[in-house]
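Student: Provided herewith: structure02.txt, compact mmCIF, C-alpha atoms (C1' of nucleotides).
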# COMPACT_ATOMS: atom_id res chain seq x y z
CA MET A 10 -14.41 52.37 3.83
CA ALA A 11 -13.88 48.86 5.04
CA MET A 12 -13.33 46.02 2.66
CA ARG A 13 -14.73 42.73 3.66
CA ASN A 14 -13.07 39.56 2.54
CA THR A 15 -16.20 37.59 3.04
CA LEU A 16 -16.22 36.46 -0.52
CA MET A 17 -12.59 35.54 -0.34
CA SER A 18 -13.21 33.39 2.65
CA PHE A 19 -14.75 30.39 1.06
CA LEU A 20 -12.64 30.76 -2.03
CA SER A 21 -9.47 30.06 -0.14
CA ARG A 22 -10.85 27.10 1.72
CA ARG A 23 -9.05 24.27 0.10
CA THR A 24 -6.51 23.40 2.70
CA SER A 25 -8.87 21.24 4.65
CA THR A 26 -8.28 17.59 3.91
CA THR A 27 -10.80 16.57 6.48
CA THR A 28 -14.02 17.40 4.80
CA ILE A 29 -17.30 16.70 6.43
CA PRO A 30 -18.58 13.38 5.06
CA THR A 31 -22.14 14.30 5.78
CA LEU A 32 -21.98 17.36 3.64
CA GLN A 33 -23.30 17.05 0.16
CA ASN A 34 -23.08 19.41 -2.71
CA PRO A 35 -26.63 20.68 -3.41
CA ILE A 36 -25.62 21.68 -6.90
CA LEU A 37 -23.81 18.58 -8.05
CA GLY A 38 -25.80 16.37 -5.74
CA CYS A 39 -22.92 14.01 -5.18
CA ARG A 40 -20.80 13.04 -2.24
CA CYS A 41 -17.24 14.09 -1.80
CA TYR A 42 -14.86 11.17 -2.00
CA CYS A 43 -11.69 11.52 -0.02
CA SER A 44 -9.94 8.85 -2.05
CA PRO A 45 -9.77 9.36 -5.78
CA PRO A 46 -9.93 6.11 -7.76
CA SER A 47 -6.99 7.30 -9.82
CA THR A 48 -4.57 6.39 -7.07
CA ALA A 49 -4.14 2.69 -7.54
CA SER A 50 -0.88 2.91 -5.66
CA ASN A 51 -0.30 4.65 -2.38
CA ASN A 52 2.94 5.04 -0.53
CA THR A 53 2.66 1.45 0.60
CA LEU A 54 4.93 -1.04 -1.03
CA PHE A 55 4.48 -4.76 -1.21
CA VAL A 56 7.71 -6.70 -1.12
CA GLY A 57 7.80 -10.36 -1.99
CA GLY A 58 10.43 -12.89 -2.81
CA LEU A 59 12.07 -12.26 0.50
CA SER A 60 14.28 -14.81 2.08
CA TRP A 61 12.82 -16.61 5.07
CA SER A 62 15.50 -15.09 7.18
CA VAL A 63 15.06 -11.43 6.36
CA ASP A 64 14.15 -9.08 9.17
CA GLU A 65 12.32 -5.80 9.15
CA LYS A 66 15.42 -3.84 10.01
CA SER A 67 17.18 -5.42 7.07
CA LEU A 68 14.50 -4.17 4.74
CA LYS A 69 14.40 -0.86 6.52
CA ASP A 70 18.11 -0.52 6.04
CA ALA A 71 17.91 -1.53 2.42
CA PHE A 72 14.95 0.64 1.47
CA SER A 73 15.52 3.71 3.58
CA SER A 74 18.22 4.77 1.15
CA PHE A 75 15.65 5.60 -1.49
CA GLY A 76 13.35 7.64 0.65
CA GLU A 77 11.94 8.18 4.07
CA VAL A 78 10.50 4.93 5.31
CA THR A 79 7.78 5.38 7.87
CA GLU A 80 6.85 1.77 8.44
CA VAL A 81 8.28 -1.62 7.64
CA LYS A 82 6.50 -4.87 8.32
CA ILE A 83 7.22 -8.44 7.43
CA ILE A 84 4.42 -10.94 7.58
CA TYR A 85 5.08 -14.01 9.62
CA ASP A 86 3.16 -17.20 9.82
CA LYS A 87 1.29 -17.63 13.06
CA ASP A 88 1.17 -21.38 12.68
CA SER A 89 4.81 -22.07 12.04
CA GLY A 90 6.33 -18.85 13.24
CA ARG A 91 8.40 -18.49 10.11
CA SER A 92 8.21 -15.56 7.77
CA ARG A 93 5.88 -15.90 4.84
CA GLY A 94 8.51 -14.43 2.60
CA PHE A 95 6.82 -11.13 2.00
CA GLY A 96 6.40 -7.84 3.72
CA PHE A 97 5.29 -4.26 3.43
CA ILE A 98 7.13 -0.97 3.34
CA HIS A 99 5.48 2.35 4.01
CA TYR A 100 7.05 5.44 2.57
CA LEU A 101 6.43 9.01 3.49
CA LYS A 102 5.96 9.90 -0.14
CA GLU A 103 4.77 7.89 -3.08
CA ASP A 104 7.58 9.26 -5.21
CA ASP A 105 10.09 7.63 -2.93
CA ALA A 106 8.16 4.41 -3.04
CA VAL A 107 8.26 4.42 -6.81
CA SER A 108 11.98 5.10 -6.77
CA ALA A 109 12.60 2.30 -4.33
CA LYS A 110 10.39 -0.07 -6.25
CA ASP A 111 12.07 0.82 -9.51
CA ALA A 112 15.48 0.40 -7.94
CA MET A 113 14.98 -2.72 -5.84
CA ASP A 114 12.46 -4.61 -7.88
CA GLY A 115 14.23 -7.56 -9.45
CA LYS A 116 17.28 -7.16 -7.26
CA ALA A 117 18.35 -9.72 -4.72
CA LEU A 118 18.40 -9.56 -0.96
CA LEU A 119 20.18 -12.17 1.14
CA GLY A 120 20.61 -14.29 -1.94
CA ARG A 121 17.03 -14.20 -3.14
CA PRO A 122 15.51 -11.95 -5.82
CA LEU A 123 12.95 -9.45 -4.65
CA ARG A 124 9.51 -8.94 -6.04
CA ILE A 125 8.25 -5.49 -5.31
CA SER A 126 4.84 -4.15 -6.11
CA PHE A 127 2.41 -1.56 -4.86
CA ALA A 128 0.32 -2.81 -2.01
CA PHE A 129 -3.42 -2.57 -1.78
CA GLU A 130 -4.82 -0.06 0.59
CA LYS A 131 -4.96 -2.36 3.55
CA ALA A 132 -7.03 -1.01 6.32
CA ARG A 133 -4.89 0.42 9.11
CA GLY A 134 -8.09 2.33 9.90
CA GLY A 135 -9.71 2.82 6.54
CA PRO A 136 -11.99 1.13 4.03
CA VAL A 137 -10.57 -1.43 1.70
CA VAL A 138 -10.38 -0.55 -1.94
CA VAL A 139 -10.04 -3.46 -4.31
CA PRO A 140 -8.89 -3.21 -7.92
CA ARG A 141 -11.69 -3.83 -10.32
CA LEU A 142 -11.56 -7.12 -12.08
CA SER A 143 -11.61 -7.55 -15.82
CA ASN A 144 -14.63 -5.42 -16.40
CA THR A 145 -15.15 -6.36 -20.01
CA ALA A 146 -18.42 -5.46 -21.61
CA ASP A 147 -19.69 -8.94 -22.27
CA GLY A 148 -23.25 -7.86 -22.67
CA ALA A 149 -24.22 -7.89 -19.02
CA SER A 150 -25.84 -4.65 -17.97
CA ASP A 151 -25.67 -4.87 -14.24
CA ASP A 152 -25.59 -1.20 -13.50
CA ALA A 153 -27.64 -0.09 -10.57
C1' DG B 32 15.59 -30.32 8.01
C1' DA B 33 9.84 -28.79 3.36
C1' DT B 34 8.75 -24.84 0.48
C1' DG B 35 8.75 -19.89 -3.16
C1' DA B 36 3.31 -17.36 -5.27
C1' DG B 37 1.40 -13.67 -2.99
C1' DC B 38 -1.22 -8.66 -0.21
C1' DG B 39 -1.03 -7.47 6.35
C1' DT B 40 0.53 -12.63 12.34
Would you put the structure from the file into structure tokens?
Tutor:
Amino acid sequence: MAMRNTLMSFLSRRTSTTTIPTLQNPILGCRCYCSPPSTASNNTLFVGGLSWSVDEKSLKDAFSSFGEVTEVKIIYDKDSGRSRGFGFIHYLKEDDAVSAKDAMDGKALLGRPLRISFAFEKARGGPVVVPRLSNTADGASDDA
DNA sequence: GATGAGCGT
């Protein structure tokens, strides 16, 4: 008497985040999207209103208290060399990013109020997802 | 000697 877990095999296969993009479901007949459209905000935070003298380590030091910061970047101007006054903060978890945003948004750093928002999914190796514009049904049926 | 909404030199 030997029990075979063959049926249990493909029932427990849900730990793979790297699904094969070329595989399609013959039943549903649709592709498997790795990025659900429900996530309008990832663990990337957009920080604006920065002073033109703020460094990345200053933001790292100010935002690492709310969660585990994995990446901090401030955008500088390549023409003038000065900071553009905004930057990005990557958190390990989105929950920490929300906490940091909720805690630091509206506060001031180096004498200037901060404007924090969730950043768009900027490449870093992936496709760009843009928020849909005001998709109001104005009578234009442009569905493909 | 500049300036101040935004989304990646």
Student: Just the residues within 7 Å of region 88-103 of chain A, please, counting all atoms listed in the file, with nothing from its chain fewer than 4 positions along; format it as a ChimeraX atom specification.
Tutor: /A:51-61,76-84,107
Student: Within 7 Å of chain A, which residues belong to chain B? Use all atoms listed in the file and report them as a list in words.
Tutor: DC38, DG39 and DT40 of chain B
Student: For Leu119 (chain A), find every residue with an atom within 10 Å (counting all atoms listed in the file), except residues of its own chain fewer than 2 positions away, and show them as a PyMOL selection string.
Tutor: chain A and resi 59-63+67+117+121-123
Student: Between CA of Ile125 (chain A) and CA of Asp70 (chain A), measure the distance and give it in Å to one decimal.
Tutor: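 Distance reported for this atom pair: 15.8 Å.
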Student: Any idea what the distance is between CA of Gly115 (chain A) and C1' of DA33 (chain B)?
Tutor: 25.2 Å
